[in-house]
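Here is the structure we will look at.
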Amino acid sequence: MSENNVNAFLLFTCPDKNGIVAKITQFIYETGGNIIDLDEHVNQNQQFFSLRIAWNMANSSIPASKLHETFEPLAKEFDAHWRIEFSNQKQRVAIFVSKYDHCLQEILWRYNMSEYDIEIPLIISNHPDLKPIADAAGIPYHVFPITKETKPEQEAKEIALLREHNIDLVVLARYMQVLSPNFIREFKNRIINIHHSFLPGFVGGNPYKQAYERGVKMIGATSHFVTEDLDEGPIIEQDIMRITHKDTIKDLIRKGRDLERIVLARALAYKSEHRIIVDGTRTIVF
């Protein structure tokens with residue numbers, strides 16, 4: 001396979017000014033690329049420009065391996081933050097789980113259906129409960145029991161394992177542990193989490209019982225990047241579902257699970273397709 005038989009994806013942000021799109025598309029045209037998708041956004045409050053552009057490099061005059069250094073002078077001209085990804089470089093994803101299996105099952109089902117252009121070389125857990133699911137999928141399952149006393153040591157082992165496997169992204173598929181600041185810094189903007197939408201209103205155990213007793217009329221789920229501020233990282237995806245007085249606590253839990261697995265699956269899809277730019281405390285999802 002030719003080195004250039006790939007699609008390139010540019011994610012690009014910079015202070016807004018005239019001519020950005022023109023110069024970038026001209027660069028792609030002059031190097032023989034064929035644009036297949038382009039989306040842009042300007043934050044009117046901050047006058048900040050964001051762009052996602054994909055192009056095929058089959059007829060490119062430069063090899064894919066030289067694209068970064070060839071494009072860099074143009075990026076410097078606009079004082080940009082940017083990255084280029086390629087369709088033949090699959091992101092390597094580690095899934096972290098505890099005892100709930102619905103998010104893991106959803107991801108593995110879509111993975112086996114080839115909906116994600118990723119690799120999942122390992123699953124990590126603090127409990128052995130979901131190992132049969134990993135075994136059925138043929139994915140190595142690593143258990144790191146965690147207590148307050150052993151957490152630093154166990155997280156160090158987890159980080160070492162992730163490095164060993166060149167992991168690009170960590171997905172917390174209902175992993176019932178709070179990651180340490182050191183772990184989060186190691187994978188900044190590369191950890192995705194999912195939680196129910198009752199936060200911060202119904203904190204602590206059994207939020208669905210609290211919501212039921214308050215007579216809430218909708219439930220939801222939020223997927224976000226993990227930061228040191230618990231459950232307050234840049235939001236990637238959200239969804240809601242209406243409920244009524246006829247719904248029991250079990251109904252709320254069931255519907256909440258449905259939302260969690262779908263919202264997390266969407267967030268992983270956006271990341272695997274190189275559609276997310278982190279813009280401070282929020283995201284731009286093209």
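FYI, nothing fancy with the structure tokens labels: chains A, B, ... in order, residues from 1 per chain, ligands from 1 as they appear.
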Name the residues in contact with Thr227 of chain A at a cut-off of 12 Å, using only C-alpha atoms, excluding same-chain residues fewer than 6 positions from it; report them as a PyMOL selection string.
chain A and resi 178-193+233-235+280-282
Grab the residues selected above and save them as a short mmCIF file (atom, residue, chain, number, x, y, z; two decimals), in the first residue's frame with N, CA, C and O atoms.
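Output file part_7.cif is given in full below:
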```
data_model
loop_
_atom_site.label_atom_id
_atom_site.label_comp_id
_atom_site.auth_asym_id
_atom_site.auth_seq_id
_atom_site.Cartn_x
_atom_site.Cartn_y
_atom_site.Cartn_z
N VAL A 178 -12.08 7.47 41.29
CA VAL A 178 -11.64 8.82 40.95
C VAL A 178 -10.15 8.76 40.65
O VAL A 178 -9.35 8.36 41.49
N LEU A 179 -9.78 9.16 39.44
CA LEU A 179 -8.38 9.12 39.06
C LEU A 179 -7.59 10.22 39.77
O LEU A 179 -8.10 11.31 40.01
N SER A 180 -6.35 9.93 40.07
CA SER A 180 -5.50 10.90 40.76
C SER A 180 -5.08 12.01 39.79
O SER A 180 -5.07 11.82 38.57
N PRO A 181 -4.72 13.18 40.32
CA PRO A 181 -4.22 14.26 39.46
C PRO A 181 -3.03 13.83 38.60
O PRO A 181 -2.92 14.25 37.45
N ASN A 182 -2.17 12.99 39.15
CA ASN A 182 -1.01 12.53 38.39
C ASN A 182 -1.44 11.73 37.17
O ASN A 182 -0.90 11.90 36.06
N PHE A 183 -2.42 10.84 37.32
CA PHE A 183 -2.93 10.04 36.22
C PHE A 183 -3.55 10.95 35.16
O PHE A 183 -3.30 10.80 33.96
N ILE A 184 -4.33 11.92 35.61
CA ILE A 184 -5.02 12.83 34.68
C ILE A 184 -4.01 13.67 33.90
O ILE A 184 -4.17 13.87 32.69
N ARG A 185 -2.98 14.15 34.57
CA ARG A 185 -1.96 14.94 33.87
C ARG A 185 -1.22 14.09 32.84
O ARG A 185 -0.82 14.59 31.78
N GLU A 186 -1.03 12.82 33.14
CA GLU A 186 -0.33 11.92 32.22
C GLU A 186 -1.08 11.77 30.90
O GLU A 186 -0.47 11.61 29.84
N PHE A 187 -2.42 11.85 30.97
CA PHE A 187 -3.25 11.68 29.77
C PHE A 187 -4.19 12.88 29.60
O PHE A 187 -5.39 12.72 29.41
N LYS A 188 -3.63 14.06 29.63
CA LYS A 188 -4.44 15.27 29.52
C LYS A 188 -5.25 15.30 28.24
O LYS A 188 -4.72 15.09 27.14
N ASN A 189 -6.54 15.54 28.38
CA ASN A 189 -7.48 15.57 27.25
C ASN A 189 -7.49 14.26 26.47
O ASN A 189 -7.86 14.22 25.29
N ARG A 190 -7.13 13.17 27.16
CA ARG A 190 -7.14 11.86 26.52
C ARG A 190 -7.84 10.82 27.40
O ARG A 190 -7.60 9.63 27.26
N ILE A 191 -8.70 11.30 28.31
CA ILE A 191 -9.51 10.41 29.14
C ILE A 191 -10.96 10.85 29.00
O ILE A 191 -11.30 12.01 29.26
N ILE A 192 -11.83 9.94 28.59
CA ILE A 192 -13.26 10.24 28.42
C ILE A 192 -14.04 9.51 29.51
O ILE A 192 -13.82 8.32 29.77
N ASN A 193 -14.98 10.21 30.12
CA ASN A 193 -15.80 9.64 31.19
C ASN A 193 -17.29 9.80 30.84
O ASN A 193 -17.65 10.59 29.96
N GLY A 233 -15.12 18.39 33.47
CA GLY A 233 -14.27 18.57 32.30
C GLY A 233 -15.06 18.97 31.06
O GLY A 233 -16.30 18.94 31.06
N PRO A 234 -14.38 19.36 29.99
CA PRO A 234 -15.06 19.80 28.76
C PRO A 234 -16.02 18.72 28.25
O PRO A 234 -15.65 17.57 28.06
N ILE A 235 -17.27 19.14 28.01
CA ILE A 235 -18.33 18.21 27.62
C ILE A 235 -18.22 17.86 26.15
O ILE A 235 -18.07 18.74 25.29
N GLY A 280 -10.46 25.31 25.79
CA GLY A 280 -10.54 25.75 27.18
C GLY A 280 -11.40 24.80 27.99
O GLY A 280 -11.10 23.62 28.13
N THR A 281 -12.50 25.32 28.53
CA THR A 281 -13.39 24.50 29.38
C THR A 281 -14.51 23.85 28.59
O THR A 281 -15.42 23.28 29.17
N ARG A 282 -14.48 23.94 27.27
CA ARG A 282 -15.51 23.32 26.45
C ARG A 282 -14.88 22.65 25.24
O ARG A 282 -13.67 22.72 25.05
#
```
What is the distance between atom CA of Ile253 of chain A and atom CA of Phe225 of chain A, in Å to one decimal?
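For atom CA of Ile253 of chain A relative to atom CA of Phe225 of chain A, the distance reads 23.5 Å.
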Can you list every residue in segment 155-280 of chain A that DSSP puts in strand (DSSP E), as a PyMOL selection string?
chain A and resi 169-172+191-196+218-225+235-242+276-279
Report, in Å to a single decimal, how far apart atom CA of Pro152 of chain A and atom CA of Glu164 of chain A are.
18.4 Å
As an NGL selection string, which residues of segment 50-253 of chain A does DSSP assign to alpha helix (DSSP H)?
:A and (67-77 or 102-112 or 131-137 or 151-164 or 181-186 or 207-214 or 249-253)
Find the spatial neighbours of Asn7 of chain A, counting only C-alpha atoms, within a cut-off of 7 Å - ignore same-chain residues fewer than 6 positions away - and output them as a PyMOL selection string.
chain A and resi 54-57+86-87
Residues within 9 Å of segment 20-23 of chain A, please, as a PDB file with all heavy atoms, in the first residue's frame. Count only C-alpha atoms; anything in the same chain fewer than 3 positions from it doesn't count.
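And here's selection_2.pdb as it stands now:
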```pdb
ATOM      1  N   ASP A  16      -8.807  34.572  14.965  1.00  0.00           N
ATOM      2  CA  ASP A  16      -9.495  34.732  13.688  1.00  0.00           C
ATOM      3  C   ASP A  16      -8.914  35.894  12.880  1.00  0.00           C
ATOM      4  O   ASP A  16      -8.598  36.949  13.426  1.00  0.00           O
ATOM      5  CB  ASP A  16     -10.990  34.979  13.927  1.00  0.00           C
ATOM      6  CG  ASP A  16     -11.797  34.922  12.642  1.00  0.00           C
ATOM      7  OD1 ASP A  16     -11.415  34.146  11.748  1.00  0.00           O
ATOM      8  OD2 ASP A  16     -12.783  35.667  12.539  1.00  0.00           O
ATOM      9  N   LYS A  17      -8.758  35.675  11.575  1.00  0.00           N
ATOM     10  CA  LYS A  17      -8.338  36.728  10.656  1.00  0.00           C
ATOM     11  C   LYS A  17      -8.754  36.320   9.250  1.00  0.00           C
ATOM     12  O   LYS A  17      -9.118  35.166   8.999  1.00  0.00           O
ATOM     13  CB  LYS A  17      -6.838  36.973  10.729  1.00  0.00           C
ATOM     14  CG  LYS A  17      -5.967  35.783  10.343  1.00  0.00           C
ATOM     15  CD  LYS A  17      -4.503  36.156  10.222  1.00  0.00           C
ATOM     16  CE  LYS A  17      -3.910  36.579  11.546  1.00  0.00           C
ATOM     17  NZ  LYS A  17      -2.434  36.816  11.446  1.00  0.00           N
ATOM     18  N   GLN A  26      -5.674  26.235  -0.303  1.00  0.00           N
ATOM     19  CA  GLN A  26      -4.702  26.407  -1.384  1.00  0.00           C
ATOM     20  C   GLN A  26      -3.497  25.487  -1.171  1.00  0.00           C
ATOM     21  O   GLN A  26      -2.975  24.889  -2.121  1.00  0.00           O
ATOM     22  CB  GLN A  26      -4.244  27.865  -1.453  1.00  0.00           C
ATOM     23  CG  GLN A  26      -3.282  28.181  -2.595  1.00  0.00           C
ATOM     24  CD  GLN A  26      -3.940  28.098  -3.960  1.00  0.00           C
ATOM     25  OE1 GLN A  26      -5.167  28.138  -4.062  1.00  0.00           O
ATOM     26  NE2 GLN A  26      -3.125  27.991  -5.004  1.00  0.00           N
ATOM     27  N   PHE A  27      -3.052  25.380   0.086  1.00  0.00           N
ATOM     28  CA  PHE A  27      -1.951  24.463   0.413  1.00  0.00           C
ATOM     29  C   PHE A  27      -2.307  23.034   0.008  1.00  0.00           C
ATOM     30  O   PHE A  27      -1.495  22.320  -0.609  1.00  0.00           O
ATOM     31  CB  PHE A  27      -1.646  24.532   1.909  1.00  0.00           C
ATOM     32  CG  PHE A  27      -0.724  23.452   2.397  1.00  0.00           C
ATOM     33  CD1 PHE A  27       0.649  23.620   2.351  1.00  0.00           C
ATOM     34  CD2 PHE A  27      -1.232  22.248   2.909  1.00  0.00           C
ATOM     35  CE1 PHE A  27       1.510  22.616   2.797  1.00  0.00           C
ATOM     36  CE2 PHE A  27      -0.380  21.253   3.356  1.00  0.00           C
ATOM     37  CZ  PHE A  27       0.993  21.433   3.293  1.00  0.00           C
ATOM     38  N   ILE A  28      -3.516  22.606   0.356  1.00  0.00           N
ATOM     39  CA  ILE A  28      -3.933  21.240   0.020  1.00  0.00           C
ATOM     40  C   ILE A  28      -4.007  21.054  -1.494  1.00  0.00           C
ATOM     41  O   ILE A  28      -3.533  20.045  -2.036  1.00  0.00           O
ATOM     42  CB  ILE A  28      -5.288  20.924   0.684  1.00  0.00           C
ATOM     43  CG1 ILE A  28      -5.136  20.931   2.214  1.00  0.00           C
ATOM     44  CG2 ILE A  28      -5.837  19.583   0.209  1.00  0.00           C
ATOM     45  CD1 ILE A  28      -6.441  20.858   2.970  1.00  0.00           C
ATOM     46  N   GLU A  40     -15.902  24.612   9.729  1.00  0.00           N
ATOM     47  CA  GLU A  40     -15.206  25.666  10.462  1.00  0.00           C
ATOM     48  C   GLU A  40     -16.144  26.348  11.449  1.00  0.00           C
ATOM     49  O   GLU A  40     -17.366  26.247  11.340  1.00  0.00           O
ATOM     50  CB  GLU A  40     -14.646  26.706   9.488  1.00  0.00           C
ATOM     51  CG  GLU A  40     -15.736  27.393   8.674  1.00  0.00           C
ATOM     52  CD  GLU A  40     -15.179  28.450   7.739  1.00  0.00           C
ATOM     53  OE1 GLU A  40     -14.724  29.485   8.249  1.00  0.00           O
ATOM     54  OE2 GLU A  40     -15.228  28.232   6.518  1.00  0.00           O
ATOM     55  N   PHE A  49     -10.783  31.175  15.778  1.00  0.00           N
ATOM     56  CA  PHE A  49     -11.173  30.368  14.624  1.00  0.00           C
ATOM     57  C   PHE A  49     -10.815  28.902  14.849  1.00  0.00           C
ATOM     58  O   PHE A  49      -9.730  28.589  15.349  1.00  0.00           O
ATOM     59  CB  PHE A  49     -10.452  30.891  13.377  1.00  0.00           C
ATOM     60  CG  PHE A  49     -10.650  30.050  12.142  1.00  0.00           C
ATOM     61  CD1 PHE A  49     -11.757  30.237  11.341  1.00  0.00           C
ATOM     62  CD2 PHE A  49      -9.715  29.094  11.789  1.00  0.00           C
ATOM     63  CE1 PHE A  49     -11.937  29.466  10.194  1.00  0.00           C
ATOM     64  CE2 PHE A  49      -9.886  28.331  10.645  1.00  0.00           C
ATOM     65  CZ  PHE A  49     -10.997  28.516   9.844  1.00  0.00           C
ATOM     66  N   LEU A  51     -11.094  24.875  12.848  1.00  0.00           N
ATOM     67  CA  LEU A  51     -11.297  24.221  11.557  1.00  0.00           C
ATOM     68  C   LEU A  51     -10.998  22.733  11.661  1.00  0.00           C
ATOM     69  O   LEU A  51     -10.044  22.321  12.309  1.00  0.00           O
ATOM     70  CB  LEU A  51     -10.368  24.843  10.509  1.00  0.00           C
ATOM     71  CG  LEU A  51     -10.250  24.141   9.149  1.00  0.00           C
ATOM     72  CD1 LEU A  51     -11.481  24.424   8.299  1.00  0.00           C
ATOM     73  CD2 LEU A  51      -8.993  24.603   8.415  1.00  0.00           C
ATOM     74  N   LEU A  74       3.011  27.331   7.528  1.00  0.00           N
ATOM     75  CA  LEU A  74       1.702  27.958   7.387  1.00  0.00           C
ATOM     76  C   LEU A  74       1.013  28.077   8.744  1.00  0.00           C
ATOM     77  O   LEU A  74       0.403  29.103   9.052  1.00  0.00           O
ATOM     78  CB  LEU A  74       0.842  27.148   6.410  1.00  0.00           C
ATOM     79  CG  LEU A  74      -0.575  27.681   6.149  1.00  0.00           C
ATOM     80  CD1 LEU A  74      -0.536  29.108   5.618  1.00  0.00           C
ATOM     81  CD2 LEU A  74      -1.302  26.764   5.166  1.00  0.00           C
ATOM     82  N   PHE A  78      -0.148  31.737  11.260  1.00  0.00           N
ATOM     83  CA  PHE A  78      -1.410  32.081  11.927  1.00  0.00           C
ATOM     84  C   PHE A  78      -1.344  31.881  13.442  1.00  0.00           C
ATOM     85  O   PHE A  78      -2.363  31.993  14.113  1.00  0.00           O
ATOM     86  CB  PHE A  78      -2.554  31.246  11.339  1.00  0.00           C
ATOM     87  CG  PHE A  78      -2.903  31.602   9.923  1.00  0.00           C
ATOM     88  CD1 PHE A  78      -2.556  30.764   8.879  1.00  0.00           C
ATOM     89  CD2 PHE A  78      -3.559  32.784   9.640  1.00  0.00           C
ATOM     90  CE1 PHE A  78      -2.865  31.092   7.571  1.00  0.00           C
ATOM     91  CE2 PHE A  78      -3.881  33.128   8.334  1.00  0.00           C
ATOM     92  CZ  PHE A  78      -3.534  32.284   7.294  1.00  0.00           C
TER      93      PHE A  78
END
```
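By only C-alpha atoms, and with residues fewer than 3 positions from segment 174-177 of chain A along its chain excluded, the set lying at most 6 Å from it is Phe96, Val97 and Ser98 of chain A.
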Set the distance at 9 Å and use only C-alpha atoms: which residues neighbour Ile284 of chain A once local chain neighbours fewer than 4 positions away are removed? I'd like the list as a PDB file with C-alpha atoms, in the first residue's frame.
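Okay, this is what ended up in part-v7.pdb:
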```pdb
ATOM      1  CA  HIS A  41     -16.341  27.752  13.406  1.00  0.00           C
ATOM      2  CA  SER A  50     -11.466  26.560  14.546  1.00  0.00           C
ATOM      3  CA  ILE A 236     -18.265  16.074  24.477  1.00  0.00           C
ATOM      4  CA  ARG A 275     -13.801  15.531  15.306  1.00  0.00           C
ATOM      5  CA  ILE A 276     -13.019  17.093  18.701  1.00  0.00           C
ATOM      6  CA  ILE A 277     -11.105  20.249  19.546  1.00  0.00           C
ATOM      7  CA  VAL A 278     -10.747  21.137  23.224  1.00  0.00           C
ATOM      8  CA  ASP A 279     -11.368  24.874  23.574  1.00  0.00           C
TER       9      ASP A 279
END
```
At a cut-off of 12 Å, using only C-alpha atoms, what residues contact Arg261 of chain A? Leave out same-chain residues fewer than 6 positions from it and give the result as a PyMOL selection string.
chain A and resi 100-110+171-174+193-196+220-223+237-239+254-255+267-268
Atom CA of Lys271 of chain A and atom CA of Gly256 of chain A are how many Å apart?
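A separation of 22.6 Å between them.
Of the residues listed (A:Ala211, A:Ala156, A:Ala64, A:Val6), A:Val6 shows the shortest atom-to-atom separation from Ile36 of chain A; distances use only C-alpha atoms.
Using only C-alpha atoms for every distance, the candidate list A:Val170, A:Ala58, A:Ile139, A:Leu162 yields A:Val170 as the residue closest to Ile95 of chain A.
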